[in-house]
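Listing of upload_24.csv, CSV, C-alpha atoms
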```
chain,number,residue,atom,x,y,z
A,1,GLY,CA,6.5,-3.4,19.5
A,2,VAL,CA,4.1,-5.7,17.6
A,3,TRP,CA,2.2,-6.6,20.7
A,4,ILE,CA,1.1,-3.0,21.3
A,5,LYS,CA,0.2,-2.0,17.8
A,6,PHE,CA,-3.3,-2.2,16.2
A,7,ILE,CA,-2.1,-2.9,12.6
A,8,PRO,CA,-0.8,-6.4,13.3
A,9,ALA,CA,-4.2,-7.2,14.9
A,10,ILE,CA,-5.8,-6.0,11.7
A,11,ILE,CA,-3.8,-8.1,9.3
A,12,SER,CA,-3.6,-11.2,11.6
A,13,PRO,CA,-6.9,-12.6,10.2
A,14,LEU,CA,-5.4,-12.7,6.8
A,15,PHE,CA,-2.4,-14.7,8.1
A,16,VAL,CA,-4.9,-17.0,9.9
A,17,LEU,CA,-6.8,-17.5,6.6
A,18,TRP,CA,-3.5,-18.2,4.9
A,19,TRP,CA,-2.7,-20.7,7.5
A,20,TRP,CA,-6.2,-22.3,7.3
A,21,GLN,CA,-5.8,-22.7,3.5
A,22,SER,CA,-2.5,-24.6,4.0
A,23,ILE,CA,-4.1,-27.2,6.2
A,24,THR,CA,-4.8,-30.5,4.5
A,25,ARG,CA,-5.7,-34.0,5.9
A,26,ASP,CA,-2.1,-35.0,5.6
A,27,ASN,CA,-0.6,-32.2,7.6
A,28,ALA,CA,-3.5,-31.2,9.9
A,29,LYS,CA,-2.0,-32.7,13.1
A,30,ARG,CA,1.4,-31.2,12.6
A,31,GLN,CA,0.1,-27.8,11.6
A,32,LEU,CA,-2.2,-27.6,14.6
A,33,ALA,CA,0.5,-28.8,17.0
A,34,GLU,CA,3.0,-26.2,15.6
A,35,THR,CA,0.4,-23.5,15.8
A,36,LEU,CA,-0.5,-24.4,19.4
A,37,VAL,CA,3.1,-24.4,20.4
A,38,GLY,CA,3.6,-21.0,18.7
A,39,VAL,CA,0.6,-19.4,20.4
A,40,LEU,CA,1.5,-20.8,23.8
A,41,LEU,CA,5.1,-19.5,23.5
A,42,SER,CA,3.9,-16.1,22.3
A,43,ALA,CA,1.5,-15.9,25.3
A,44,LEU,CA,4.3,-16.9,27.7
A,45,VAL,CA,6.7,-14.3,26.2
A,46,THR,CA,4.0,-11.7,26.3
A,47,ILE,CA,3.1,-12.4,30.0
A,48,ALA,CA,6.8,-12.5,31.0
A,49,ALA,CA,7.5,-9.2,29.2
A,50,TRP,CA,4.5,-7.3,30.4
A,51,TYR,CA,4.2,-8.7,34.0
A,52,PRO,CA,6.4,-6.0,35.6
A,53,TYR,CA,4.2,-3.3,34.1
A,54,TRP,CA,0.8,-4.7,34.8
A,55,ARG,CA,-1.3,-2.5,37.1
A,56,GLY,CA,-4.7,-3.7,36.2
A,57,SER,CA,-6.9,-2.3,33.4
A,58,ILE,CA,-5.4,1.2,33.9
A,59,VAL,CA,-2.5,0.1,31.6
A,60,PHE,CA,-5.0,0.4,28.7
A,61,HIS,CA,-5.8,4.0,29.5
A,62,ALA,CA,-3.2,5.3,27.1
A,63,LEU,CA,-5.0,3.3,24.3
A,64,VAL,CA,-8.3,4.9,25.2
A,65,ILE,CA,-6.7,8.4,25.0
A,66,GLN,CA,-5.1,7.5,21.7
A,67,THR,CA,-8.4,6.6,20.1
A,68,LYS,CA,-9.7,10.1,20.8
A,69,LEU,CA,-6.9,11.7,18.8
A,70,ALA,CA,-7.9,12.8,15.3
A,71,SER,CA,-5.4,14.6,13.0
A,72,VAL,CA,-4.2,14.4,9.5
A,73,SER,CA,-6.8,11.9,8.4
A,74,LEU,CA,-10.0,11.6,6.4
A,75,PHE,CA,-11.9,11.4,9.6
A,76,ALA,CA,-10.4,14.7,10.9
A,77,ALA,CA,-11.1,16.4,7.6
A,78,LEU,CA,-14.7,15.2,7.6
A,79,TYR,CA,-15.2,15.9,11.3
A,80,TYR,CA,-13.8,19.5,11.3
A,81,SER,CA,-15.5,20.3,8.0
A,82,LEU,CA,-19.0,19.3,9.3
A,83,LYS,CA,-18.5,20.5,12.9
A,84,PRO,CA,-19.9,24.1,12.4
A,85,LEU,CA,-23.0,22.6,10.8
A,86,PHE,CA,-23.5,20.0,13.5
A,87,VAL,CA,-23.0,22.6,16.3
A,88,MET,CA,-25.5,24.9,14.7
A,89,LEU,CA,-28.1,22.1,14.3
A,90,PHE,CA,-27.5,20.0,17.4
A,91,ASP,CA,-25.7,22.3,19.9
A,92,GLU,CA,-24.8,20.1,22.9
A,93,ARG,CA,-25.0,16.8,21.2
A,94,ALA,CA,-23.0,17.9,18.1
A,95,HIS,CA,-19.8,16.1,19.0
A,96,TRP,CA,-21.4,12.8,19.9
A,97,LEU,CA,-23.6,12.8,16.8
A,98,LEU,CA,-20.8,14.0,14.5
A,99,THR,CA,-18.2,11.4,15.6
A,100,ARG,CA,-20.8,8.6,15.0
A,101,ALA,CA,-21.8,10.0,11.7
A,102,ALA,CA,-18.3,10.5,10.4
A,103,GLN,CA,-17.1,7.0,11.6
A,104,GLY,CA,-20.3,5.4,10.3
A,105,LEU,CA,-19.8,7.0,6.9
A,106,LEU,CA,-16.2,6.0,6.7
A,107,LEU,CA,-17.0,2.5,7.9
A,108,ALA,CA,-19.7,2.1,5.2
A,109,PHE,CA,-17.2,3.4,2.5
A,110,LEU,CA,-14.5,0.9,3.8
A,111,VAL,CA,-17.0,-2.0,3.7
A,112,VAL,CA,-18.1,-1.2,0.2
A,113,LEU,CA,-14.5,-0.8,-0.9
A,114,LEU,CA,-13.4,-4.1,0.6
A,115,TRP,CA,-16.6,-6.1,-0.1
A,116,PRO,CA,-15.0,-8.1,-3.0
A,117,TYR,CA,-12.2,-9.2,-0.6
A,118,PHE,CA,-14.7,-10.2,2.1
A,119,LYS,CA,-16.5,-12.4,-0.3
A,120,LYS,CA,-13.2,-14.0,-1.4
A,121,PHE,CA,-12.2,-14.5,2.3
A,122,PHE,CA,-15.5,-16.4,2.9
A,123,LEU,CA,-14.9,-18.6,-0.2
A,124,ILE,CA,-11.4,-19.4,1.1
A,125,LEU,CA,-12.8,-20.2,4.5
A,126,ILE,CA,-15.2,-22.7,3.1
A,127,ARG,CA,-12.5,-24.0,0.8
A,128,LYS,CA,-14.2,-23.1,-2.5
A,129,ILE,CA,-11.1,-21.2,-3.7
A,130,SER,CA,-7.5,-20.9,-2.7
A,131,TRP,CA,-5.0,-18.0,-3.2
A,132,SER,CA,-1.4,-17.9,-4.1
A,133,THR,CA,1.2,-16.1,-1.9
A,134,VAL,CA,1.1,-13.1,-4.1
A,135,GLU,CA,-2.7,-12.8,-3.8
A,136,TYR,CA,-2.4,-12.8,0.0
A,137,VAL,CA,0.3,-10.2,-0.1
A,138,GLN,CA,-1.9,-8.1,-2.4
A,139,ALA,CA,-4.9,-8.5,-0.1
A,140,ILE,CA,-2.8,-7.4,2.9
A,141,PHE,CA,-1.4,-4.4,1.0
A,142,ILE,CA,-4.9,-3.3,-0.1
A,143,CYS,CA,-6.4,-3.8,3.3
A,144,LEU,CA,-3.6,-1.9,5.0
A,145,LEU,CA,-4.0,1.0,2.5
A,146,ALA,CA,-7.7,1.1,3.0
A,147,TYR,CA,-7.4,1.0,6.8
A,148,LEU,CA,-4.7,3.7,6.9
A,149,PHE,CA,-6.3,6.1,4.6
A,150,ILE,CA,-10.0,5.6,5.3
A,151,TRP,CA,-10.5,4.2,8.8
A,152,GLN,CA,-7.4,5.4,10.8
A,153,LYS,CA,-8.2,8.6,12.7
A,154,SER,CA,-4.7,10.0,12.6
A,155,PHE,CA,-2.1,9.3,10.0
A,156,PHE,CA,1.7,9.8,10.6
A,157,PRO,CA,4.4,9.0,8.0
A,158,TRP,CA,5.9,6.1,9.9
A,159,TYR,CA,2.6,4.2,9.7
A,160,GLY,CA,3.5,3.5,6.1
A,161,ALA,CA,6.3,1.3,7.4
A,162,TRP,CA,3.7,-1.4,8.1
A,163,PHE,CA,2.7,-1.9,4.5
A,164,LEU,CA,5.9,-1.0,2.6
A,165,PRO,CA,7.4,-4.5,2.9
A,166,PHE,CA,4.2,-6.0,1.5
A,167,ALA,CA,4.2,-3.4,-1.3
A,168,LEU,CA,7.8,-4.1,-2.2
A,169,ILE,CA,7.0,-7.9,-2.4
A,170,LEU,CA,4.0,-7.1,-4.5
A,171,ILE,CA,5.9,-4.8,-6.9
A,172,SER,CA,8.7,-7.3,-7.4
A,173,SER,CA,6.4,-10.3,-8.0
A,174,VAL,CA,3.6,-8.7,-10.0
A,175,LYS,CA,5.4,-5.8,-11.7
A,176,SER,CA,2.4,-3.6,-10.8
A,177,ASP,CA,2.9,0.0,-12.0
A,178,ARG,CA,-0.1,1.1,-9.9
A,179,ALA,CA,1.4,-0.4,-6.7
A,180,TYR,CA,4.8,1.2,-7.6
A,181,LYS,CA,3.2,4.6,-7.9
A,182,ILE,CA,1.3,4.3,-4.6
A,183,VAL,CA,4.5,3.2,-2.8
A,184,ALA,CA,6.5,6.0,-4.4
A,185,TRP,CA,3.9,8.6,-3.4
A,186,ILE,CA,3.6,7.4,0.2
A,187,SER,CA,7.4,7.1,0.5
A,188,THR,CA,7.6,10.9,0.1
A,189,ALA,CA,5.3,11.5,3.2
A,190,PRO,CA,8.1,11.7,5.7
A,191,PHE,CA,9.8,14.4,3.7
A,192,VAL,CA,6.7,16.7,3.3
A,193,TYR,CA,4.8,15.8,6.6
A,194,TYR,CA,6.3,18.5,8.8
A,195,VAL,CA,6.4,21.2,6.2
```

Please, can you express the file's structure as structure tokens?
Amino acid sequence: GVWIKFIPAIISPLFVLWWWQSITRDNAKRQLAETLVGVLLSALVTIAAWYPYWRGSIVFHALVIQTKLASVSLFAALYYSLKPLFVMLFDERAHWLLTRAAQGLLLAFLVVLLWPYFKKFFLILIRKISWSTVEYVQAIFICLLAYLFIWQKSFFPWYGAWFLPFALILISSVKSDRAYKIVAWISTAPFVYYV
């Protein structure tokens, strides 16, 4: 299931950065060899698992359709709230302009919200700072929350399963009351979603 989800692709740069930080002159050859073996094995398993289903680029059609879905999200609320205004002002081009405006506004908000993390990621990349395990878990937790609530076009309760393990690790190691409240609130989503 991990190979067909967007969320692992989103958090994978953080794991790559974490891996990059762990490389030193003493362990560089071993780390690179282990990583190369892991990537090759993953590629072989993926090819072997998906080979019977491969029918060319048409297999990605379902992903394209899924990107057009917008429900129970900040994007959907913004889109459907502004739609009457855009239809009145722009008529035939309303949908095209409104989707770009809504996604652009949300992207700008996401970048502003995560800008401090982007700066820290760059500093880690050039080895000016290093993070502890807890700081990486916290960054993954915050990035997943921001992605799910701001950028994701449709939110379903089971999406929370991706960040709950990171949240639980964070709560147990930092004793963060704010993280605990966020997790408790989101954990109620499956109970109230279909109501």

>> To one decimal place in Å, what is the distance between CA of Leu144 in chain A and CA of Phe163 in chain A?
In response: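 CA of Phe163 in chain A lies 6.3 Å from CA of Leu144 in chain A.
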
>> I'd like the interatomic distance between CA of Ser130 in chain A and CA of Thr24 in chain A, to a tenth of an Å.
In response: 12.3 Å

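One distance worth recording is that between CA of Ile140 in chain A and CA of Thr46 in chain A, which is 24.7 Å.
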
> Given the choices A:Lys29, A:Leu74, A:Thr35, A:Val64, which gets closest to Leu148 in chain A if the distance is worked out from only C-alpha atoms?
Replying inline: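 Looking at the shortest contact to Leu148 in chain A, the residue is A:Leu74.
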
Report as a Markdown table the residues of range 38-154 of chain A within 12 Å of range 7-13 of chain A, each with its shortest atom pair and distance in Å (one decimal), using all atoms listed in the file, ordered by chain and increasing residue number.
```
| residue | atom | partner | partner_atom | distance |
| --- | --- | --- | --- | --- |
| A:Phe118 | CA | A:Pro13 | CA | 11.5 |
| A:Phe121 | CA | A:Pro13 | CA | 9.7 |
| A:Phe122 | CA | A:Pro13 | CA | 11.9 |
| A:Leu125 | CA | A:Pro13 | CA | 11.2 |
| A:Tyr136 | CA | A:Ile11 | CA | 10.5 |
| A:Val137 | CA | A:Ile11 | CA | 10.5 |
| A:Gln138 | CA | A:Ile11 | CA | 11.9 |
| A:Ala139 | CA | A:Ile11 | CA | 9.5 |
| A:Ile140 | CA | A:Ile11 | CA | 6.5 |
| A:Phe141 | CA | A:Ile11 | CA | 9.4 |
| A:Ile142 | CA | A:Ile11 | CA | 10.6 |
| A:Cys143 | CA | A:Ile11 | CA | 7.8 |
| A:Leu144 | CA | A:Ile11 | CA | 7.5 |
| A:Leu145 | CA | A:Ile7 | CA | 11.0 |
| A:Ala146 | CA | A:Ile10 | CA | 11.4 |
| A:Tyr147 | CA | A:Ile10 | CA | 8.7 |
| A:Leu148 | CA | A:Ile7 | CA | 9.1 |
| A:Trp151 | CA | A:Ile10 | CA | 11.6 |
| A:Gln152 | CA | A:Ile7 | CA | 10.0 |
```

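Each of A:Val16, A:Met88, A:Ile23, A:Thr67 was compared to Arg127 in chain A using only C-alpha atoms, and A:Ile23 turns out to be the nearest.
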
> Hey, which of A:Leu123, A:Ile186, A:Ile171, A:Ile47 ends up closest to Tyr159 in chain A? Count only C-alpha atoms.
Replying inline: A:Ile186
